[in-house]
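**Student:** I'd like to ask you about the structure that follows.
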Amino acid sequence: MKYTFDFASLQEYWPEFLRGALMTLEMTAIATVLGMVIGVLCAIGRRGKRPWLAALCGAYVEVVRNTPYLIQIFFIFFGLASAGLKLPIFAAAILTMVFNVGAYTAEIVRAGMDTIHPGQIEAAEALGLSVPQIYWDVILRPSLERVYPSLTGQFVLMMLSSSVTSQISAEELTGVANSVQSESFRSFETFIVVAVLYFLMAMLLKFAFFLVGQAMFPRRRRLGTPL
Amino acid sequence: MSAVVKLHDIHKSFGTVEVLKGVSFEIDRGEVVAIIGRSGSGKSTALRCINRLETIQSGTLEVCGHRLDQPTLDLRALRQDVGMVFQSYNLFPHLTVEQNITLAPRRVKRLPNSQARALAQASLERVGLAEKIDCYPEQLSGGQQQRVAIARSLAMQPKVMLFDEVTSALDPQLTGEVLRVMETLAQGGMTMAVVTHEMTFARRVADRVIFMHQGRVWETGPGEMLENPQTPELQAFLSNGL
Amino acid sequence: MGGSFTINHFLYLLQGVGWTIVLSALAFALGGVAGFGVMLLRTARSALLRRISFLYVQLIQGTPLLILLFVVYFGLGVVGIELPPLLAAGVSLMVYCSAFLGEIWRGCVESVPRTQWEASEGLALTRWQTLVDVILPQAARIATPPTVGFLVQVLKSTSLASVVGFVELTRAAQVVNNSLFTPFLVFGIAGVLYFALCYPLSRWSRSLERKLNVGRRQAA
Ligand SMILES: Nc1ncnc2c1ncn2[C@@H]1O[C@H](COP(=O)(O)OP(=O)(O)OP(=O)(O)O)[C@@H](O)[C@H]1O
Ligand SMILES: [Mg+2]
């Protein structure tokens with residue numbers, strides 16, 4: 001039972017792999033931005049004064065964090081389809097990613113906000129800043145700086161778990177891999193190649209987040225100390 | 001002489017605990033008032049009512065023409081007229097000294113970015129820290145941080161400044177530099193309400209001293225009253241060496 | 001096609017829950033053992049072992065579990081080992097868990113102050129004795145909350161085994177939905193069942209963590 005690897009026969013599929021990888025990155029980029037927005041709003045909602053909104057945001061976070069992503073995908077994609085709402089697969093995949101990562105983001109951002117000392121908010125109030133200004137300048141920015149490593153870690157994980165959207169036929173990297181392996185009959189090699197591609201993409205993403213962090217948080221760049 | 005801060009019969013409770021039980025006093029323009037008293041006597045609460053960090057239950061309260069007991073109060077206008085410095089500095093750790101100072105002027109008064117640095121520079125010169133303009137708070141000593149906090153407040157050009165035990169968190173050798181800055185401000189005609197445990201400062205700099213006890217103004221008079229207390233409570237307070 | 005959701009469908013889903021639990025337990029047990037090994041290597045004295053295990057962790061954590069599953073499934077297939085789906089899923093989940101648990105536990109071991117190692121060395125304990133008698137008991141306390149938290153992760157991850165045809169809860173829900181075409185209902189129920197498994201563990205993990213933090217603050 002000697003197995004000879006044959007990566008050469010996969011060469012012709014390079015454009016396919018590349019297309020899949022780019023789609024994965026594109027989905028990740030969109031879901032990161034939208035997930036940030038949802039997560040921040042939800043974190044603010046959970047801290048807010050309206051009990052029903054806080055409860056709603058809390059329930060969303062707990063439901064997402066305690067059910068598998070795959071079930072969420074099926075629920076949203078097939079559910080919406082059965083209700084007559086047929087989304088394009090690309091949009092549906094991103095919708096599920098945002099729905100999923102928004103909850104994790106909310107939890108991380110909330111943890112960051114909890115570390116802001118009440119005195120900071122009082123000082124800002126005493127200076128005459130409005131509530132939205134206080135949220136942006138005094139609560140959100142230092143919170144994000146503080147939780148930036150866990151936040152970006154979460155987005156890398158999301159990029160990896162986006163492979164699951166292949167189950168609703170999204171043509172991202174894993175989806176591409178599925179069709180390549182059935183055409184080439186080189187399943188093992190195909191998935192090894194794809195594993196390496198994902199690994200490289202994870203590294204790339206980490207590096208990109210590092211650069212963004214350097215640009216966004218000058219204090220961290222200058223002092224290097226955690227906030 | 002016109003009073004810029006007028007408290008009349010202020011009552012304030014936290015839950016069922018009444019902390020201010022009918023507090024009345026006034027502060028004239030340019031006057032420096034020191035508020036002293038035991039821990040828990042309501043000094044901070046009274047001060048925080050003046051810029052609406054706490055809301056009052058009853059009484060009349062007027063600050064720089066703003067009626068704090070009326071629903072028509074323009075809170076942001078009030079906050080622009082009243083500056084406050086805290087015991088724990090409360091500088092924003094993620095912002096440089098310059099950004100700390102210019103945040104409120106830029107956001108609240110729409111100061112153009114091109115003028116921000118000059119404003120920060122001018123405010124810092126008043127507290128003797130011009131060379132620290134690009135530092136982050138964690139790079140400064142406690143005394144320096146507190147002086148930056150004063151500069152941050154000054155940059156909004158307040159008409160009244162409130163100080164709540166601003167030297168209590170500092171080592172003794174650092175309190176001096178902060179007190180000197182406050183003294184200069186007082187000489188420059190700033191209207192100030194200063195909650196403090198520094199009796200020498202109260203005696204020397206304050207035009208008037210208010211002794212609070214159990215949520216009331218117990219005794220009030222010029223600085224010399226500390227040498228010659230009328231009530232047994234103030235006598236006891238002073239002889240405890242606080 | 002069609003028909004309505006009956007008690008039989010529900011029982012079928014419950015059977016799926018059973019297999020989800022079996023697979024989770026298997027993955028967690030195997031992954032725990034392997035993860036312990038990873039933790040040992042990550043804290044080994046030899047820099048080479050540390051570097052190799054670091055690479056292993058990075059590699060596994062940088063690859064989607066689904067891809068890992070395919071690599072194991074097809075990989076073992078081509079070298080002639082026909083694994084039943086349960087074992088294929090179990091093996092890939094084991095690898096996945098070993099990297100994450102190893103890394104969690106490494107953090108806990110390293111959070112025990114260095115002076116504890118030095119003190120034990122002073123008592124002439126061997127490295128292994130120090131680890132077992134001094135370090136691990138202290139690390140275990142810190143490790144419990146994140147380990148319980150990771151259990152939730154494992155439970156959720158087992159849903160991917162459905163992709164290679166193992167009939168756990170997610171696969172069972174797909175089967176039911178394929179005959180009923182009521183995705184909101186069927187996947188909703190599956191979601192509720194997953195939630196019922198995971199949420200208590202999440203709560204438990206959080207309360208353990210709170211207790212630990214309170215204990216630490218008092219000690220400090
Ligand atoms: N937010 C709050 N909630 C409940 N009780 C409060 C609150 N703030 C203050 N108190 C209570 O009100 C009383 C007066 O507090 P205050 O801070 O005004 O005292 P103080 O004179 O400033 O004392 P110190 O010298 O210790 O600062 C205290 O008994 C305090 O416990
Ligand atoms: Mg006080």
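If you're wondering about the labels, chains in the structure tokens are A, B, ... by order shown, residues count from 1 in each chain, ligands from 1 in order shown.
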Please extract the residues at most 9 Å from ligand 2, counting only C-alpha atoms and all ligand atoms, and provide them as a ChimeraX atom specification, using the chain letters and residue numbers of this document.
**Tutor:** /B:39-45,47,87,164-165,195-196
**Student:** Could the residues in this selection be written to a file with N, CA, C and O atoms, as a PDB file, in the first residue's frame?
**Tutor:**
```pdb
ATOM      1  N   SER B  39     -14.248  62.681  56.193  1.00  0.00           N
ATOM      2  CA  SER B  39     -14.616  61.763  55.118  1.00  0.00           C
ATOM      3  C   SER B  39     -16.089  61.381  55.267  1.00  0.00           C
ATOM      4  O   SER B  39     -16.544  61.074  56.362  1.00  0.00           O
ATOM      5  N   GLY B  40     -16.832  61.467  54.171  1.00  0.00           N
ATOM      6  CA  GLY B  40     -18.243  61.104  54.198  1.00  0.00           C
ATOM      7  C   GLY B  40     -19.157  62.252  54.578  1.00  0.00           C
ATOM      8  O   GLY B  40     -20.375  62.069  54.674  1.00  0.00           O
ATOM      9  N   SER B  41     -18.605  63.440  54.770  1.00  0.00           N
ATOM     10  CA  SER B  41     -19.449  64.561  55.187  1.00  0.00           C
ATOM     11  C   SER B  41     -20.200  65.169  54.004  1.00  0.00           C
ATOM     12  O   SER B  41     -21.038  66.037  54.199  1.00  0.00           O
ATOM     13  N   GLY B  42     -19.907  64.741  52.784  1.00  0.00           N
ATOM     14  CA  GLY B  42     -20.681  65.217  51.635  1.00  0.00           C
ATOM     15  C   GLY B  42     -19.970  66.257  50.791  1.00  0.00           C
ATOM     16  O   GLY B  42     -20.582  66.869  49.914  1.00  0.00           O
ATOM     17  N   LYS B  43     -18.664  66.456  51.012  1.00  0.00           N
ATOM     18  CA  LYS B  43     -17.917  67.480  50.260  1.00  0.00           C
ATOM     19  C   LYS B  43     -17.927  67.185  48.759  1.00  0.00           C
ATOM     20  O   LYS B  43     -18.281  68.035  47.952  1.00  0.00           O
ATOM     21  N   SER B  44     -17.522  65.959  48.420  1.00  0.00           N
ATOM     22  CA  SER B  44     -17.467  65.605  46.997  1.00  0.00           C
ATOM     23  C   SER B  44     -18.846  65.692  46.379  1.00  0.00           C
ATOM     24  O   SER B  44     -19.007  66.186  45.259  1.00  0.00           O
ATOM     25  N   THR B  45     -19.832  65.198  47.085  1.00  0.00           N
ATOM     26  CA  THR B  45     -21.189  65.205  46.543  1.00  0.00           C
ATOM     27  C   THR B  45     -21.632  66.634  46.255  1.00  0.00           C
ATOM     28  O   THR B  45     -22.184  66.911  45.183  1.00  0.00           O
ATOM     29  N   LEU B  47     -19.780  69.200  45.610  1.00  0.00           N
ATOM     30  CA  LEU B  47     -19.002  69.700  44.471  1.00  0.00           C
ATOM     31  C   LEU B  47     -19.546  69.140  43.158  1.00  0.00           C
ATOM     32  O   LEU B  47     -19.694  69.851  42.167  1.00  0.00           O
ATOM     33  N   GLN B  87      -9.470  63.698  41.908  1.00  0.00           N
ATOM     34  CA  GLN B  87      -8.402  63.114  42.706  1.00  0.00           C
ATOM     35  C   GLN B  87      -7.538  62.158  41.878  1.00  0.00           C
ATOM     36  O   GLN B  87      -6.319  62.170  41.976  1.00  0.00           O
ATOM     37  N   ASP B 164     -11.453  68.404  43.402  1.00  0.00           N
ATOM     38  CA  ASP B 164     -11.856  67.445  44.423  1.00  0.00           C
ATOM     39  C   ASP B 164     -10.635  66.664  44.916  1.00  0.00           C
ATOM     40  O   ASP B 164     -10.237  65.686  44.302  1.00  0.00           O
ATOM     41  N   GLU B 165     -10.081  67.117  46.035  1.00  0.00           N
ATOM     42  CA  GLU B 165      -8.927  66.437  46.647  1.00  0.00           C
ATOM     43  C   GLU B 165      -7.867  66.094  45.616  1.00  0.00           C
ATOM     44  O   GLU B 165      -7.416  64.953  45.522  1.00  0.00           O
ATOM     45  N   VAL B 195     -12.126  71.245  47.301  1.00  0.00           N
ATOM     46  CA  VAL B 195     -12.238  70.303  48.407  1.00  0.00           C
ATOM     47  C   VAL B 195     -10.832  69.833  48.730  1.00  0.00           C
ATOM     48  O   VAL B 195     -10.111  69.372  47.836  1.00  0.00           O
ATOM     49  N   THR B 196     -10.419  69.992  49.984  1.00  0.00           N
ATOM     50  CA  THR B 196      -9.020  69.674  50.279  1.00  0.00           C
ATOM     51  C   THR B 196      -8.818  69.260  51.724  1.00  0.00           C
ATOM     52  O   THR B 196      -9.628  69.562  52.601  1.00  0.00           O
TER      53      THR B 196
END
```
**Student:** Near region 157-163 of chain C, counting only C-alpha atoms, which residues have an atom at most 8 Å away, once you skip same-chain residues fewer than 5 positions from it, shown as a ChimeraX atom specification?
**Tutor:** /A:68,70-71 /C:20,23-24,65-66,69,85-86,89,93,168-171
**Student:** Print the selection's residues with all heavy atoms to a file, as a compact mmCIF listing (two decimals), in the first residue's frame.
**Tutor:**
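result32.txt was written with the following content:
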```
# COMPACT_ATOMS: atom_id res chain seq x y z
N PRO A 68 -23.55 25.49 16.88
CA PRO A 68 -22.51 25.38 15.84
C PRO A 68 -22.79 26.33 14.67
O PRO A 68 -23.94 26.59 14.33
CB PRO A 68 -22.64 23.92 15.37
CG PRO A 68 -23.47 23.24 16.38
CD PRO A 68 -24.34 24.26 17.01
N LEU A 70 -22.34 25.68 11.62
CA LEU A 70 -22.97 24.95 10.52
C LEU A 70 -24.50 24.97 10.65
O LEU A 70 -25.22 25.17 9.68
CB LEU A 70 -22.45 23.51 10.48
CG LEU A 70 -22.86 22.67 9.27
CD1 LEU A 70 -22.50 23.36 7.98
CD2 LEU A 70 -22.21 21.29 9.34
N ILE A 71 -24.97 24.80 11.88
CA ILE A 71 -26.43 24.85 12.12
C ILE A 71 -26.95 26.25 11.82
O ILE A 71 -28.02 26.42 11.22
CB ILE A 71 -26.73 24.45 13.59
CG1 ILE A 71 -26.56 22.95 13.78
CG2 ILE A 71 -28.15 24.88 13.98
CD1 ILE A 71 -27.66 22.12 13.15
N THR C 20 -23.56 12.88 19.06
CA THR C 20 -22.78 14.10 19.24
C THR C 20 -22.00 14.04 20.56
O THR C 20 -20.81 14.39 20.61
CB THR C 20 -23.72 15.33 19.24
OG1 THR C 20 -24.19 15.53 17.91
CG2 THR C 20 -22.99 16.58 19.69
N LEU C 23 -19.15 11.42 20.25
CA LEU C 23 -18.03 11.95 19.46
C LEU C 23 -17.27 13.03 20.25
O LEU C 23 -16.04 13.07 20.25
CB LEU C 23 -18.56 12.52 18.14
CG LEU C 23 -17.50 13.09 17.19
CD1 LEU C 23 -16.42 12.05 16.88
CD2 LEU C 23 -18.13 13.59 15.91
N SER C 24 -18.01 13.89 20.94
CA SER C 24 -17.36 14.93 21.74
C SER C 24 -16.49 14.32 22.83
O SER C 24 -15.35 14.75 23.05
CB SER C 24 -18.40 15.84 22.40
OG SER C 24 -19.23 16.42 21.45
N LEU C 65 -10.81 23.37 10.59
CA LEU C 65 -11.10 22.02 11.04
C LEU C 65 -11.68 21.18 9.90
O LEU C 65 -11.38 19.99 9.76
CB LEU C 65 -12.07 22.06 12.22
CG LEU C 65 -12.55 20.71 12.74
CD1 LEU C 65 -11.40 19.83 13.14
CD2 LEU C 65 -13.50 20.90 13.91
N LEU C 66 -12.50 21.82 9.07
CA LEU C 66 -13.12 21.10 7.97
C LEU C 66 -12.05 20.52 7.02
O LEU C 66 -12.15 19.38 6.57
CB LEU C 66 -14.05 22.04 7.19
CG LEU C 66 -14.90 21.42 6.10
CD1 LEU C 66 -15.78 20.31 6.68
CD2 LEU C 66 -15.77 22.47 5.43
N LEU C 69 -10.33 17.67 8.61
CA LEU C 69 -11.20 16.50 8.52
C LEU C 69 -11.06 15.82 7.16
O LEU C 69 -10.92 14.60 7.07
CB LEU C 69 -12.65 16.97 8.72
CG LEU C 69 -13.73 15.94 8.93
CD1 LEU C 69 -13.51 15.22 10.24
CD2 LEU C 69 -15.09 16.63 8.96
N PRO C 85 -16.65 6.61 9.59
CA PRO C 85 -16.74 8.06 9.78
C PRO C 85 -16.52 8.48 11.23
O PRO C 85 -15.89 9.51 11.48
CB PRO C 85 -18.17 8.38 9.34
CG PRO C 85 -18.53 7.32 8.38
CD PRO C 85 -17.79 6.09 8.82
N LEU C 86 -17.00 7.69 12.19
CA LEU C 86 -16.83 8.07 13.59
C LEU C 86 -15.35 8.21 13.92
O LEU C 86 -14.93 9.17 14.56
CB LEU C 86 -17.47 7.02 14.52
CG LEU C 86 -17.17 7.22 16.02
CD1 LEU C 86 -17.76 8.53 16.52
CD2 LEU C 86 -17.71 6.07 16.86
N ALA C 89 -13.68 11.20 12.03
CA ALA C 89 -14.01 12.45 12.72
C ALA C 89 -13.29 12.53 14.05
O ALA C 89 -12.76 13.58 14.43
CB ALA C 89 -15.52 12.55 12.92
N LEU C 93 -10.68 15.48 15.05
CA LEU C 93 -11.01 16.31 16.21
C LEU C 93 -9.94 16.18 17.30
O LEU C 93 -9.64 17.14 18.01
CB LEU C 93 -12.38 15.92 16.78
CG LEU C 93 -13.56 16.55 16.03
CD1 LEU C 93 -14.87 15.84 16.39
CD2 LEU C 93 -13.67 18.03 16.35
N GLU C 168 -24.47 12.45 13.36
CA GLU C 168 -24.68 13.05 14.67
C GLU C 168 -25.83 14.05 14.53
O GLU C 168 -26.59 13.97 13.56
CB GLU C 168 -23.38 13.69 15.21
CG GLU C 168 -22.53 14.39 14.21
CD GLU C 168 -23.25 15.54 13.58
OE1 GLU C 168 -23.40 16.58 14.25
OE2 GLU C 168 -23.68 15.40 12.42
N LEU C 169 -25.96 14.97 15.46
CA LEU C 169 -27.15 15.81 15.48
C LEU C 169 -27.35 16.62 14.20
O LEU C 169 -28.46 16.67 13.65
CB LEU C 169 -27.10 16.74 16.71
CG LEU C 169 -28.24 17.73 16.88
CD1 LEU C 169 -29.59 17.04 16.78
CD2 LEU C 169 -28.12 18.45 18.22
N THR C 170 -26.28 17.24 13.70
CA THR C 170 -26.45 18.08 12.52
C THR C 170 -26.86 17.25 11.30
O THR C 170 -27.75 17.62 10.54
CB THR C 170 -25.14 18.83 12.21
OG1 THR C 170 -24.83 19.65 13.33
CG2 THR C 170 -25.28 19.70 10.98
N ARG C 171 -26.19 16.10 11.14
CA ARG C 171 -26.52 15.21 10.01
C ARG C 171 -27.97 14.73 10.15
O ARG C 171 -28.72 14.69 9.17
CB ARG C 171 -25.55 14.03 10.01
CG ARG C 171 -25.70 13.08 8.86
CD ARG C 171 -25.08 13.64 7.60
NE ARG C 171 -25.77 13.11 6.44
CZ ARG C 171 -25.79 13.70 5.25
NH1 ARG C 171 -25.14 14.84 5.08
NH2 ARG C 171 -26.42 13.16 4.25
```
**Student:** Extract the full set of helix (DSSP H, G or I) residues from region 78-185 of chain B according to DSSP on the backbone, and format it as a PyMOL selection string.
**Tutor:** chain B and resi 78-81+97-108+113-126+130-132+137-139+142-154+172-185
**Student:** Neighbours of region 113-124 of chain C within 10 Å (only C-alpha atoms; same-chain residues fewer than 5 positions away dropped), as a short mmCIF file (atom, residue, chain, number, x, y, z; two decimals) with all heavy atoms, in the first residue's frame?
**Tutor:**
```cif
data_model
loop_
_atom_site.label_atom_id
_atom_site.label_comp_id
_atom_site.auth_asym_id
_atom_site.auth_seq_id
_atom_site.Cartn_x
_atom_site.Cartn_y
_atom_site.Cartn_z
N GLN C 129 8.90 15.02 38.77
CA GLN C 129 8.27 15.13 40.09
C GLN C 129 7.77 16.54 40.34
O GLN C 129 6.68 16.76 40.87
CB GLN C 129 9.28 14.74 41.19
CG GLN C 129 9.54 13.25 41.27
CD GLN C 129 10.76 12.93 42.13
OE1 GLN C 129 11.66 13.77 42.27
NE2 GLN C 129 10.78 11.74 42.70
N THR C 130 8.59 17.51 39.97
CA THR C 130 8.19 18.90 40.14
C THR C 130 6.90 19.18 39.39
O THR C 130 5.96 19.77 39.91
CB THR C 130 9.29 19.83 39.61
OG1 THR C 130 10.51 19.49 40.24
CG2 THR C 130 8.95 21.28 39.88
N LEU C 131 6.87 18.71 38.14
CA LEU C 131 5.71 18.95 37.31
C LEU C 131 4.46 18.33 37.93
O LEU C 131 3.43 18.99 38.09
CB LEU C 131 5.96 18.36 35.91
CG LEU C 131 4.94 18.75 34.86
CD1 LEU C 131 5.10 20.21 34.50
CD2 LEU C 131 5.10 17.88 33.62
N ASP C 133 3.93 16.98 41.06
CA ASP C 133 3.58 17.25 42.46
C ASP C 133 3.43 18.73 42.79
O ASP C 133 2.72 19.09 43.72
CB ASP C 133 4.64 16.64 43.39
CG ASP C 133 4.64 15.12 43.32
OD1 ASP C 133 3.56 14.56 43.07
OD2 ASP C 133 5.72 14.51 43.47
N VAL C 134 4.11 19.59 42.04
CA VAL C 134 4.11 21.01 42.40
C VAL C 134 3.36 21.86 41.38
O VAL C 134 2.46 22.62 41.72
CB VAL C 134 5.56 21.52 42.55
CG1 VAL C 134 5.55 23.00 42.96
CG2 VAL C 134 6.30 20.68 43.57
N ILE C 135 3.74 21.71 40.12
CA ILE C 135 3.24 22.64 39.10
C ILE C 135 1.81 22.31 38.68
O ILE C 135 0.91 23.16 38.73
CB ILE C 135 4.16 22.64 37.86
CG1 ILE C 135 5.61 22.93 38.29
CG2 ILE C 135 3.67 23.64 36.84
CD1 ILE C 135 5.81 24.27 38.93
N GLN C 138 -1.22 23.27 40.81
CA GLN C 138 -1.50 24.71 40.79
C GLN C 138 -2.06 25.13 39.45
O GLN C 138 -2.98 25.95 39.37
CB GLN C 138 -0.23 25.51 41.08
CG GLN C 138 0.38 25.17 42.42
CD GLN C 138 1.63 26.00 42.70
OE1 GLN C 138 1.60 27.22 42.62
NE2 GLN C 138 2.71 25.33 43.03
#
```
**Student:** Could you build a table of the residues in chain C lying no more than 7 Å from chain A, giving for each the nearest pair of atoms and their separation in Å rounded to one decimal place, using only C-alpha atoms, ordered by chain and ascending residue number, as CSV?
**Tutor:**
```
residue,atom,partner,partner_atom,distance
C:Leu59,CA,A:Phe199,CA,6.6
C:Gly62,CA,A:Phe199,CA,4.7
C:Thr63,CA,A:Phe199,CA,5.5
C:Pro64,CA,A:Leu160,CA,4.8
C:Leu66,CA,A:Val164,CA,6.9
C:Ile67,CA,A:Ala195,CA,6.2
C:Phe70,CA,A:Phe191,CA,6.6
C:Val71,CA,A:Phe191,CA,5.7
C:Phe74,CA,A:Phe188,CA,5.4
C:Gly75,CA,A:Phe188,CA,5.2
C:Val79,CA,A:Met1,CA,6.1
C:Gly80,CA,A:Met1,CA,6.5
C:Lys156,CA,A:Pro68,CA,4.5
C:Ser157,CA,A:Pro68,CA,6.7
C:Ser159,CA,A:Pro68,CA,6.6
C:Thr170,CA,A:Ile71,CA,6.8
C:Pro183,CA,A:Gly79,CA,5.0
C:Phe184,CA,A:Gly79,CA,4.9
C:Phe187,CA,A:Phe75,CA,5.4
C:Gly188,CA,A:Phe75,CA,6.7
C:Gly191,CA,A:Thr67,CA,5.9
C:Tyr194,CA,A:Thr67,CA,5.5
C:Phe195,CA,A:Asn66,CA,5.2
C:Cys198,CA,A:Asn66,CA,5.3
C:Tyr199,CA,A:Asn66,CA,5.8
```
**Student:** What does the structure give for the distance between CA of Ala120 (chain B) and CA of Arg222 (chain A), in Å to one decimal?
**Tutor:**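 Taking CA of Ala120 (chain B) and CA of Arg222 (chain A), their separation equals 20.5 Å.
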**Student:** I want to know what sits within 12 Å of Leu119 (chain B), based on only C-alpha atoms, with residues of the same chain fewer than 6 positions away left out; could you give that as a short mmCIF file (atom, residue, chain, number, x, y, z; two decimals) with C-alpha atoms, in the first residue's frame?
**Tutor:**
```
data_model
loop_
_atom_site.label_atom_id
_atom_site.label_comp_id
_atom_site.auth_asym_id
_atom_site.auth_seq_id
_atom_site.Cartn_x
_atom_site.Cartn_y
_atom_site.Cartn_z
CA VAL B 97 -0.99 65.19 26.47
CA GLU B 98 -1.84 67.40 23.51
CA GLN B 99 -4.79 65.23 22.51
CA ASN B 100 -6.01 65.07 26.10
CA ILE B 101 -6.06 68.84 26.28
CA THR B 102 -7.56 69.52 22.87
CA LEU B 103 -10.14 66.73 22.75
CA ALA B 104 -12.95 68.75 24.30
CA PRO B 105 -12.13 72.04 22.51
CA ARG B 106 -12.07 70.18 19.19
CA LEU B 111 -11.68 74.22 17.41
CA PRO B 112 -9.90 73.77 14.05
CA ASN B 113 -7.10 71.18 14.19
CA GLU B 125 2.61 76.78 29.88
CA ARG B 126 0.20 77.83 32.58
CA ALA B 130 5.15 72.81 27.91
CA ILE B 133 3.17 68.06 25.05
CA ALA B 151 -4.40 72.30 31.86
CA ARG B 152 -7.03 70.15 30.13
CA SER B 153 -9.69 71.84 32.19
CA LEU B 154 -8.25 75.31 31.58
CA ALA B 155 -8.26 74.81 27.82
CA MET B 156 -12.06 74.98 27.88
CA GLN B 157 -11.78 78.45 29.46
#
```
**Student:** Could you check the closest approach to ligand 1 for each of B:Gly65, B:Gly215, B:Pro71, B:Pro158 and tell me which residue wins, using only C-alpha atoms and all ligand atoms?
**Tutor:**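 Nearest to ligand 1: B:Gly215.
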**Student:** With only C-alpha atoms as the counted atoms, please give the residues lying no more than 8 Å from Ile10 (chain B), apart from itself and same-chain residues fewer than 3 positions off, as a tab-separated table (two decimals) with N, CA, C and O atoms, in the first residue's frame.
**Tutor:**
```
chain	number	residue	atom	x	y	z
B	7	LEU	N	-25.89	77.88	45.87
B	7	LEU	CA	-26.61	76.69	46.33
B	7	LEU	C	-27.56	77.14	47.43
B	7	LEU	O	-27.16	77.87	48.34
B	20	LEU	N	-26.78	65.04	51.49
B	20	LEU	CA	-26.79	66.50	51.68
B	20	LEU	C	-28.14	66.88	52.29
B	20	LEU	O	-29.19	66.58	51.74
B	21	LYS	N	-28.06	67.53	53.44
B	21	LYS	CA	-29.30	67.81	54.18
B	21	LYS	C	-29.55	69.30	54.27
B	21	LYS	O	-29.57	69.86	55.35
B	22	GLY	N	-29.72	69.92	53.13
B	22	GLY	CA	-30.00	71.34	53.13
B	22	GLY	C	-28.73	72.17	53.11
B	22	GLY	O	-28.42	72.89	54.06
B	23	VAL	N	-27.96	72.05	52.06
B	23	VAL	CA	-26.69	72.77	51.95
B	23	VAL	C	-26.91	74.10	51.21
B	23	VAL	O	-27.54	74.12	50.16
B	24	SER	N	-26.43	75.19	51.80
B	24	SER	CA	-26.52	76.49	51.14
B	24	SER	C	-25.18	77.19	51.23
B	24	SER	O	-24.59	77.24	52.31
B	56	ILE	N	-29.75	66.73	41.99
B	56	ILE	CA	-30.24	66.99	43.34
B	56	ILE	C	-31.73	66.66	43.43
B	56	ILE	O	-32.42	66.61	42.42
B	57	GLN	N	-32.18	66.40	44.68
B	57	GLN	CA	-33.60	66.09	44.85
B	57	GLN	C	-34.42	67.36	45.07
B	57	GLN	O	-35.53	67.47	44.59
B	58	SER	N	-33.85	68.32	45.83
B	58	SER	CA	-34.59	69.56	46.02
B	58	SER	C	-33.63	70.68	46.36
B	58	SER	O	-32.47	70.44	46.69
B	59	GLY	N	-34.12	71.91	46.29
B	59	GLY	CA	-33.30	73.07	46.52
B	59	GLY	C	-33.11	73.83	45.22
B	59	GLY	O	-33.50	73.35	44.15
B	60	THR	N	-32.51	75.02	45.30
B	60	THR	CA	-32.22	75.74	44.08
B	60	THR	C	-30.71	75.84	43.90
B	60	THR	O	-29.95	76.01	44.86
B	61	LEU	N	-30.30	75.71	42.66
B	61	LEU	CA	-28.88	75.64	42.35
B	61	LEU	C	-28.65	76.40	41.05
B	61	LEU	O	-29.23	76.05	40.01
```
**Student:** Using only C-alpha atoms, pick whichever of B:Val5, B:Val127, B:Gly188, B:Thr96 has the shortest atom-to-atom distance to Leu78 (chain B).
**Tutor:** B:Val5
**Student:** As an exercise, work out the distance from CA of Phe7 (chain A) to CA of Tyr73 (chain C) in Å and give it to one decimal place.
**Tutor:**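 A separation of 18.1 Å between them.
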